[in-house]
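Have a look at the structure below, then the notes.
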Amino acid sequence: MKVLVPVKRVVDYNVKVRVKADQSGVETANVKMSMNPFDEIAVEEAIRMKEAGKADEIVAVSIGAAQAQETLRTALAMGADRAILIETDELVEPLAVAKLLKAVMDEENPGIVLLGKQAIDDDSNQTAQMLGALTGWPQATFVSNIELGDGSLEATREVDSGLETIKVNMPAVVSVDLRLNEPRYASLPNIMKAKKKPLDTKSAADYGVDVTPRLKTIKVAEPEARSGGVIVGSVAELVDKLKNEAKVL
Amino acid sequence: MSNLIIAEHDGSEIKAATLHAVTAAQAAGGDVTVAVIGSGCGAAAEAAAKIAGVSKVLVADSAEYEKQLAENVAPAIVKMAESFSHVWAPATTSAKNTMPRVAALLDVQQISEVTAVQSATTFERPIYAGNAIATVESAESKNIITVRTTAFEAAAAEGGSAAVEAVDATGDAGLSSFIREEVTESDRPELTSAKIVISGGRGMGAGENFDMLYKVADKLGAAVGASRAAVDAGYVPNDYQVGQTGKVVAPDLYIAVGISGAIQHWAGMKDSKVIVAINKDEEAPIFQVADYGLVADLFDAVPELEGALD
Ligand SMILES: Cc1cc2nc3c(=O)[nH]c(=O)nc-3n(C[C@H](O)[C@H](O)[C@H](O)COP(=O)(O)OP(=O)(O)OC[C@H]3O[C@@H](n4cnc5c(N)ncnc54)[C@H](O)[C@@H]3O)c2cc1C
Ligand SMILES: Nc1ncnc2c1ncn2[C@@H]1O[C@H](COP(=O)(O)O)[C@@H](O)[C@H]1O
């Protein structure tokens, strides 16, 4: 079985992003970029499937600027076999990402696609579900456990009320949550080896997909700031302030 | 302009989240219809008909919708959506699962977790864990929108008298099935609608230490939440997680205990009216943004707090 893992290059989760002065977006120049943390978990899960003999090839795909090559090299260093970069300088929305991934799937015929539940830049949480719709495949989203079966898989999902386990037919689209696994770090020798693994570069046009945004971003602004408050000296003072100043008790 | 709201319900009752989505839709203008999709959900449909401002309720009642599997529910929504310009749902895990599937079936780019409705086609939504707010304008012929419930008041649950109309079911897609669930039982208020929330972090040190928070919560009628670190460590179930990738809360009072204040946690509680932090490290980032900070060992401060609430 082939596993497809879409990985997105995003501003590192430790960076406190700043809005650009002209409100056209957030500052990404000279900012540390990394693989979307959820996607690292997806790559790790794919590798574990391969190590367990349940998958034989892992293909990582990224849609983004030329630098997304680095993200793909990270996936290769972790253990992916091959990578495809669909290079574009446009911001590609989830629907268009899903269409491109569908086109890749038509060529690659994976048995499972493992995506992150959410990209931490756009916070959309859409792509996996959209890919499910476009392929007509079932979806298992926000998954914290996967059991591969024969022609189906059982997935435990993190939902508002707790946990839910569902069974979906294979092939399937899966979006992974934080507690599925702990991704490995790539070792130095594997980082060296990854440099020689195949990485194909394509364009959206190669797949005949129109990536023109459907939504126009009018502006990107700073959120309302909260001013820091006071340090109280004791529990008694805290309770007094909550009762008499803030009036919330 | 015509709005369809996908209700969050349990068959007999409409969940509060739905009421917030109704208010968001009203801000865009036009009629409001509520869709109740489920199995044996007649009572929920009747309840939806009473929501103030709702003019019609569409109900699809069939076995294949019982567990809200996206493969079955999405086609039902697609079919109902035909005669509406806007389809809204509260951003619960259920809608987050289903709505993008609906959007792609309709060839529409969904707008996730809107926090403000400027017009029928212009919306605000947080990006980068709420570090920036994007204003987006949609040129889609249909708008598929999920709503951050904390950003909108709840519509009144009573006062309406909408007509209830049954619609045909769309059948079982045969792609997925429900196996089991582990529902976290609690007598405390629901995290996302509680007036007071007290959350514990890694500093709690162990699951049993959350008992200290439960005691405070019970005196205050509060819900209990947690940071990701506390959930990862197994102190509490996953549905306690507050943050960028967990639940978003905005109570009148949020008390963070043994939580450092990482941006991903902050994203889920920064719209609380009053924020209190109890942390033994005076350098903890949470103190820069909390309204009231108490530098103390939580093992002393929390029992003392409980005692002070008598
Ligand atoms: C993609 C991604 C998504 C994430 N999503 C979320 C999310 O939704 N929600 C979330 O919360 N996090 C999320 N995180 C994790 C986040 O980055 C932080 O790691 C996490 O919030 C830290 O939790 P914490 O504050 O409990 O732990 P820590 O940062 O370890 O802080 C523990 C605090 O407890 C204090 N403490 C320890 N002992 C005591 C004591 N005896 N008395 C008083 N204080 C004490 C310490 O001083 C410290 O400040 C996410 C991370 C990533 C990468
Ligand atoms: N540009 C992209 N390139 C590769 N994968 C992506 C891209 N955008 C989104 N994805 C995948 O879709 C997931 C969810 O993204 P989103 O729907 O944008 O929150 C991510 O975690 C990735 O797995």
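Just remember, in the structure tokens the first chain shown is A, the second B, etc., residues are 1-based per chain, and ligands are 1-based in the order shown.
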
May I have the residues within 10 Å of stretch 8-19 of chain B as a ChimeraX atom specification, using only C-alpha atoms and disregarding those fewer than 5 positions away in the same chain?
/B:24,34-48,51-52,61,66-68,88-92,94-95,147-150,152-157,190,192-193

At a cut-off of 6 Å, list the chain A residues touching chain B, using only C-alpha atoms, as an MDAnalysis selection string.
chainID A and resid 95 120:124 126 129:130 133 138 159:169 215:223 228:232

Can I get the residues close to ligand 1 as number ranges by chain, where close means within 8 Å and we count only C-alpha atoms and all ligand atoms?
A: 13-14, 36-38, 120, 178; B: 200-205, 226-230, 241-247, 257-268, 278-282, 284-286, 295-299

Residues within 8 Å of ligand 2, counting only C-alpha atoms and all ligand atoms, as a PyMOL selection string
chain A and resi 5-9+36-39+42+61-64+91-94+97-98+114-128+175

Could you please take those selected residues and save N, CA and C atoms as a compact mmCIF listing (two decimals), in the first residue's frame?
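Wrote selection-v9.txt, looks like this:
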```txt
# COMPACT_ATOMS: atom_id res chain seq x y z
N VAL A 5 1.28 11.62 1.96
CA VAL A 5 1.26 12.53 3.11
C VAL A 5 1.49 13.97 2.65
N PRO A 6 0.43 14.77 2.63
CA PRO A 6 0.59 16.19 2.29
C PRO A 6 1.16 16.96 3.47
N VAL A 7 2.23 17.70 3.23
CA VAL A 7 2.87 18.46 4.31
C VAL A 7 2.97 19.93 3.92
N LYS A 8 2.64 20.79 4.84
CA LYS A 8 2.63 22.22 4.56
C LYS A 8 3.76 22.92 5.31
N ARG A 9 4.38 23.86 4.63
CA ARG A 9 5.41 24.69 5.25
C ARG A 9 4.70 25.89 5.87
N ASN A 36 4.24 21.99 9.28
CA ASN A 36 3.05 22.08 10.14
C ASN A 36 3.11 20.92 11.16
N PRO A 37 3.02 21.22 12.47
CA PRO A 37 3.21 20.17 13.48
C PRO A 37 2.30 18.95 13.29
N PHE A 38 1.08 19.16 12.85
CA PHE A 38 0.19 18.03 12.63
C PHE A 38 0.71 17.13 11.50
N ASP A 39 1.38 17.75 10.53
CA ASP A 39 1.87 16.99 9.38
C ASP A 39 3.06 16.11 9.77
N ALA A 42 1.55 13.11 10.95
CA ALA A 42 1.08 12.29 9.81
C ALA A 42 2.25 11.53 9.17
N VAL A 61 3.91 15.21 -0.26
CA VAL A 61 3.54 16.23 -1.25
C VAL A 61 3.42 17.57 -0.56
N SER A 62 3.96 18.61 -1.17
CA SER A 62 3.73 19.94 -0.62
C SER A 62 3.37 20.90 -1.73
N ILE A 63 2.48 21.81 -1.40
CA ILE A 63 2.08 22.85 -2.34
C ILE A 63 2.54 24.15 -1.72
N GLY A 64 3.42 24.85 -2.42
CA GLY A 64 3.93 26.08 -1.84
C GLY A 64 5.13 26.61 -2.60
N LEU A 91 -0.97 32.03 -2.45
CA LEU A 91 -1.53 31.36 -1.28
C LEU A 91 -2.65 30.46 -1.80
N VAL A 92 -2.50 29.18 -1.62
CA VAL A 92 -3.49 28.25 -2.17
C VAL A 92 -4.48 27.86 -1.08
N GLU A 93 -5.75 28.07 -1.37
CA GLU A 93 -6.80 27.78 -0.38
C GLU A 93 -7.06 26.27 -0.29
N PRO A 94 -7.63 25.84 0.85
CA PRO A 94 -7.86 24.40 1.05
C PRO A 94 -8.58 23.70 -0.10
N VAL A 97 -6.06 23.19 -2.74
CA VAL A 97 -5.09 22.20 -2.26
C VAL A 97 -5.70 20.80 -2.44
N ALA A 98 -6.96 20.66 -2.05
CA ALA A 98 -7.61 19.35 -2.16
C ALA A 98 -7.71 18.91 -3.62
N LEU A 114 -2.77 10.57 4.60
CA LEU A 114 -2.70 11.05 5.98
C LEU A 114 -2.38 12.54 5.97
N LEU A 115 -3.31 13.34 6.46
CA LEU A 115 -3.08 14.79 6.51
C LEU A 115 -3.12 15.26 7.95
N GLY A 116 -2.67 16.50 8.17
CA GLY A 116 -2.84 17.12 9.47
C GLY A 116 -4.29 17.54 9.64
N LYS A 117 -4.74 17.67 10.89
CA LYS A 117 -6.14 18.10 11.06
C LYS A 117 -6.29 19.57 10.74
N GLN A 118 -5.21 20.31 10.84
CA GLN A 118 -5.31 21.77 10.73
C GLN A 118 -3.95 22.34 10.43
N ALA A 119 -3.90 23.28 9.51
CA ALA A 119 -2.66 24.01 9.28
C ALA A 119 -2.64 25.16 10.28
N ILE A 120 -1.52 25.34 11.00
CA ILE A 120 -1.54 26.32 12.09
C ILE A 120 -1.36 27.75 11.60
N ASP A 121 -1.30 27.95 10.27
CA ASP A 121 -1.28 29.33 9.78
C ASP A 121 -2.70 29.80 9.42
N ASP A 122 -3.37 29.05 8.53
CA ASP A 122 -4.73 29.49 8.18
C ASP A 122 -5.80 28.98 9.15
N ASP A 123 -5.42 28.00 9.99
CA ASP A 123 -6.37 27.41 10.95
C ASP A 123 -7.70 27.02 10.29
N SER A 124 -7.63 26.48 9.07
CA SER A 124 -8.86 26.19 8.33
C SER A 124 -9.53 24.89 8.76
N ASN A 125 -8.73 23.83 8.92
CA ASN A 125 -9.29 22.52 9.25
C ASN A 125 -10.31 22.09 8.19
N GLN A 126 -9.87 22.03 6.94
CA GLN A 126 -10.79 21.71 5.84
C GLN A 126 -10.25 20.68 4.85
N THR A 127 -8.95 20.69 4.62
CA THR A 127 -8.42 20.01 3.43
C THR A 127 -8.75 18.52 3.38
N ALA A 128 -8.57 17.82 4.49
CA ALA A 128 -8.83 16.37 4.49
C ALA A 128 -10.28 16.07 4.13
N SER A 175 -7.32 12.51 8.88
CA SER A 175 -6.63 13.69 9.40
C SER A 175 -6.24 13.43 10.85
```

Env of A:Lys54: 12 Å cut, atoms = only C-alpha atoms, seq-sep filter 2 positions within chain, self excluded. Answer as a compact mmCIF listing (two decimals) with C-alpha atoms, in the first residue's frame.
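File produced: result-v1.txt:
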```
# COMPACT_ATOMS: atom_id res chain seq x y z
CA MET A 1 0.00 0.00 0.00
CA LYS A 2 1.17 3.44 -0.87
CA VAL A 3 0.70 6.27 1.65
CA GLU A 45 2.29 7.57 11.36
CA ALA A 46 3.07 6.71 7.74
CA ILE A 47 6.56 5.60 8.73
CA ARG A 48 5.15 3.42 11.50
CA MET A 49 2.80 1.81 8.97
CA LYS A 50 5.78 1.09 6.76
CA GLU A 51 7.82 -0.26 9.66
CA ALA A 52 4.90 -2.52 10.57
CA ASP A 56 5.46 -0.07 1.19
CA GLU A 57 5.94 3.45 -0.06
CA ILE A 58 5.49 6.91 1.45
CA GLY A 111 -4.38 3.33 -0.30
CA ILE A 112 -4.52 6.01 2.37
CA GLU A 147 -5.91 0.33 13.52
CA LEU A 148 -5.42 -0.85 9.96
CA GLY A 149 -7.62 -3.80 9.10
CA ASP A 150 -8.39 -5.75 5.97
CA GLY A 151 -10.02 -3.36 3.53
CA LEU A 153 -9.53 0.87 9.25
```

Which residue is closest to A:Arg214? Choose from B:Ala60, B:Ala81, B:Asn143, B:Asp31 and count only C-alpha atoms.
B:Asn143

Please run DSSP on the backbone and report, as a PyMOL selection string, all residues within stretch 47-288 of chain B that come out as alpha helix (DSSP H).
chain B and resi 47-49+70-81+93-105+210-220+228-232+263-266

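Taking atom CA of A:Val209 and atom CA of A:Lys99 as the two end points, the separation is 6.8 Å.
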
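Across stretch 171-250 of chain B, DSSP run on the backbone finds strand (DSSP E or B) at Ser176, Ser177, Phe178, Ile179, Arg180, Glu181, Glu182, Val183, Ile196, Val197, Ile198, Ser199, Gly200, Ala223, Val224, Gly225, Ala226, Gln241, Val242 and Lys247 of chain B.
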
Excluding stretch 192-198 of chain A and residues on its chain fewer than 2 positions from it, collect all residues at most 8 Å away from it, counting only C-alpha atoms, and give them as a VMD selection string.
chain A and resid 73 to 74 76 to 77 81 to 83 188 to 190 200

Store the residues picked out above, limited to all heavy atoms, as a JSON list (two decimals), in the first residue's frame.
```
[["chain", "number", "residue", "atom", "x", "y", "z"],
["A", 73, "ARG", "N", 12.19, 17.79, 2.32],
["A", 73, "ARG", "CA", 13.44, 17.10, 2.70],
["A", 73, "ARG", "C", 13.34, 16.62, 4.15],
["A", 73, "ARG", "O", 13.88, 15.58, 4.50],
["A", 73, "ARG", "CB", 14.65, 18.03, 2.56],
["A", 73, "ARG", "CG", 15.03, 18.37, 1.13],
["A", 73, "ARG", "CD", 15.70, 17.22, 0.39],
["A", 73, "ARG", "NE", 15.84, 17.56, -1.02],
["A", 73, "ARG", "CZ", 15.87, 16.68, -2.03],
["A", 73, "ARG", "NH1", 15.80, 15.38, -1.77],
["A", 73, "ARG", "NH2", 15.99, 17.07, -3.27],
["A", 74, "THR", "N", 12.67, 17.40, 4.99],
["A", 74, "THR", "CA", 12.47, 16.96, 6.37],
["A", 74, "THR", "C", 11.65, 15.68, 6.40],
["A", 74, "THR", "O", 11.98, 14.73, 7.12],
["A", 74, "THR", "CB", 11.75, 18.06, 7.19],
["A", 74, "THR", "OG1", 12.51, 19.26, 7.09],
["A", 74, "THR", "CG2", 11.59, 17.67, 8.65],
["A", 76, "LEU", "N", 11.43, 13.52, 4.04],
["A", 76, "LEU", "CA", 12.29, 12.45, 3.49],
["A", 76, "LEU", "C", 13.29, 11.98, 4.54],
["A", 76, "LEU", "O", 13.58, 10.79, 4.66],
["A", 76, "LEU", "CB", 13.01, 12.95, 2.23],
["A", 76, "LEU", "CG", 12.10, 13.26, 1.02],
["A", 76, "LEU", "CD1", 12.89, 13.98, -0.07],
["A", 76, "LEU", "CD2", 11.45, 12.00, 0.46],
["A", 77, "ALA", "N", 13.81, 12.94, 5.30],
["A", 77, "ALA", "CA", 14.80, 12.58, 6.33],
["A", 77, "ALA", "C", 14.14, 11.78, 7.46],
["A", 77, "ALA", "O", 14.76, 10.90, 8.05],
["A", 77, "ALA", "CB", 15.45, 13.84, 6.89],
["A", 81, "ASP", "N", 9.73, 8.20, 1.25],
["A", 81, "ASP", "CA", 10.56, 7.67, 0.17],
["A", 81, "ASP", "C", 10.76, 8.64, -0.98],
["A", 81, "ASP", "O", 11.79, 8.65, -1.63],
["A", 81, "ASP", "CB", 9.93, 6.39, -0.38],
["A", 81, "ASP", "CG", 9.83, 5.32, 0.69],
["A", 81, "ASP", "OD1", 10.90, 4.87, 1.15],
["A", 81, "ASP", "OD2", 8.70, 4.97, 1.10],
["A", 82, "ARG", "N", 9.76, 9.44, -1.25],
["A", 82, "ARG", "CA", 9.74, 10.27, -2.43],
["A", 82, "ARG", "C", 8.96, 11.53, -2.11],
["A", 82, "ARG", "O", 8.13, 11.53, -1.20],
["A", 82, "ARG", "CB", 8.93, 9.53, -3.50],
["A", 82, "ARG", "CG", 9.55, 9.39, -4.79],
["A", 82, "ARG", "CD", 9.05, 8.29, -5.70],
["A", 82, "ARG", "NE", 7.73, 7.75, -5.64],
["A", 82, "ARG", "CZ", 6.64, 8.26, -6.21],
["A", 82, "ARG", "NH1", 6.67, 9.42, -6.83],
["A", 82, "ARG", "NH2", 5.48, 7.62, -6.13],
["A", 83, "ALA", "N", 9.22, 12.58, -2.89],
["A", 83, "ALA", "CA", 8.48, 13.81, -2.62],
["A", 83, "ALA", "C", 8.06, 14.50, -3.91],
["A", 83, "ALA", "O", 8.73, 14.36, -4.94],
["A", 83, "ALA", "CB", 9.33, 14.75, -1.77],
["A", 188, "LEU", "N", 21.17, 12.56, 11.72],
["A", 188, "LEU", "CA", 22.08, 13.21, 10.76],
["A", 188, "LEU", "C", 22.30, 12.34, 9.51],
["A", 188, "LEU", "O", 22.18, 12.84, 8.38],
["A", 188, "LEU", "CB", 23.40, 13.57, 11.44],
["A", 188, "LEU", "CG", 24.23, 14.62, 10.69],
["A", 188, "LEU", "CD1", 23.43, 15.90, 10.45],
["A", 188, "LEU", "CD2", 25.51, 14.94, 11.47],
["A", 189, "PRO", "N", 22.61, 11.05, 9.69],
["A", 189, "PRO", "CA", 22.78, 10.22, 8.48],
["A", 189, "PRO", "C", 21.52, 10.21, 7.61],
["A", 189, "PRO", "O", 21.62, 10.23, 6.37],
["A", 189, "PRO", "CB", 23.03, 8.81, 9.04],
["A", 189, "PRO", "CG", 23.44, 8.99, 10.46],
["A", 189, "PRO", "CD", 22.89, 10.30, 10.93],
["A", 190, "ASN", "N", 20.36, 10.20, 8.24],
["A", 190, "ASN", "CA", 19.12, 10.21, 7.44],
["A", 190, "ASN", "C", 18.90, 11.54, 6.73],
["A", 190, "ASN", "O", 18.34, 11.58, 5.64],
["A", 190, "ASN", "CB", 17.92, 9.86, 8.33],
["A", 190, "ASN", "CG", 17.87, 8.37, 8.64],
["A", 190, "ASN", "OD1", 18.56, 7.57, 7.99],
["A", 190, "ASN", "ND2", 17.11, 8.01, 9.66],
["A", 200, "ASP", "N", 10.33, 15.56, -7.06],
["A", 200, "ASP", "CA", 9.84, 16.09, -8.33],
["A", 200, "ASP", "C", 9.23, 17.46, -8.12],
["A", 200, "ASP", "O", 8.49, 17.66, -7.17],
["A", 200, "ASP", "CB", 8.69, 15.21, -8.86],
["A", 200, "ASP", "CG", 9.20, 14.07, -9.69],
["A", 200, "ASP", "OD1", 10.42, 14.02, -9.93],
["A", 200, "ASP", "OD2", 8.37, 13.22, -10.07]]
```

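Pairwise distance (atom CA of B:Ala250, atom CA of B:Val117) equals 18.5 Å.
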
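A straight line drawn from atom CA of A:Ser187 to atom CA of A:Ser34 is 16.8 Å long.
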
Hey, which of B:Ile6, B:Leu213, B:Ile255, B:Met269 ends up closest to A:Val239? Count only C-alpha atoms.
B:Ile255
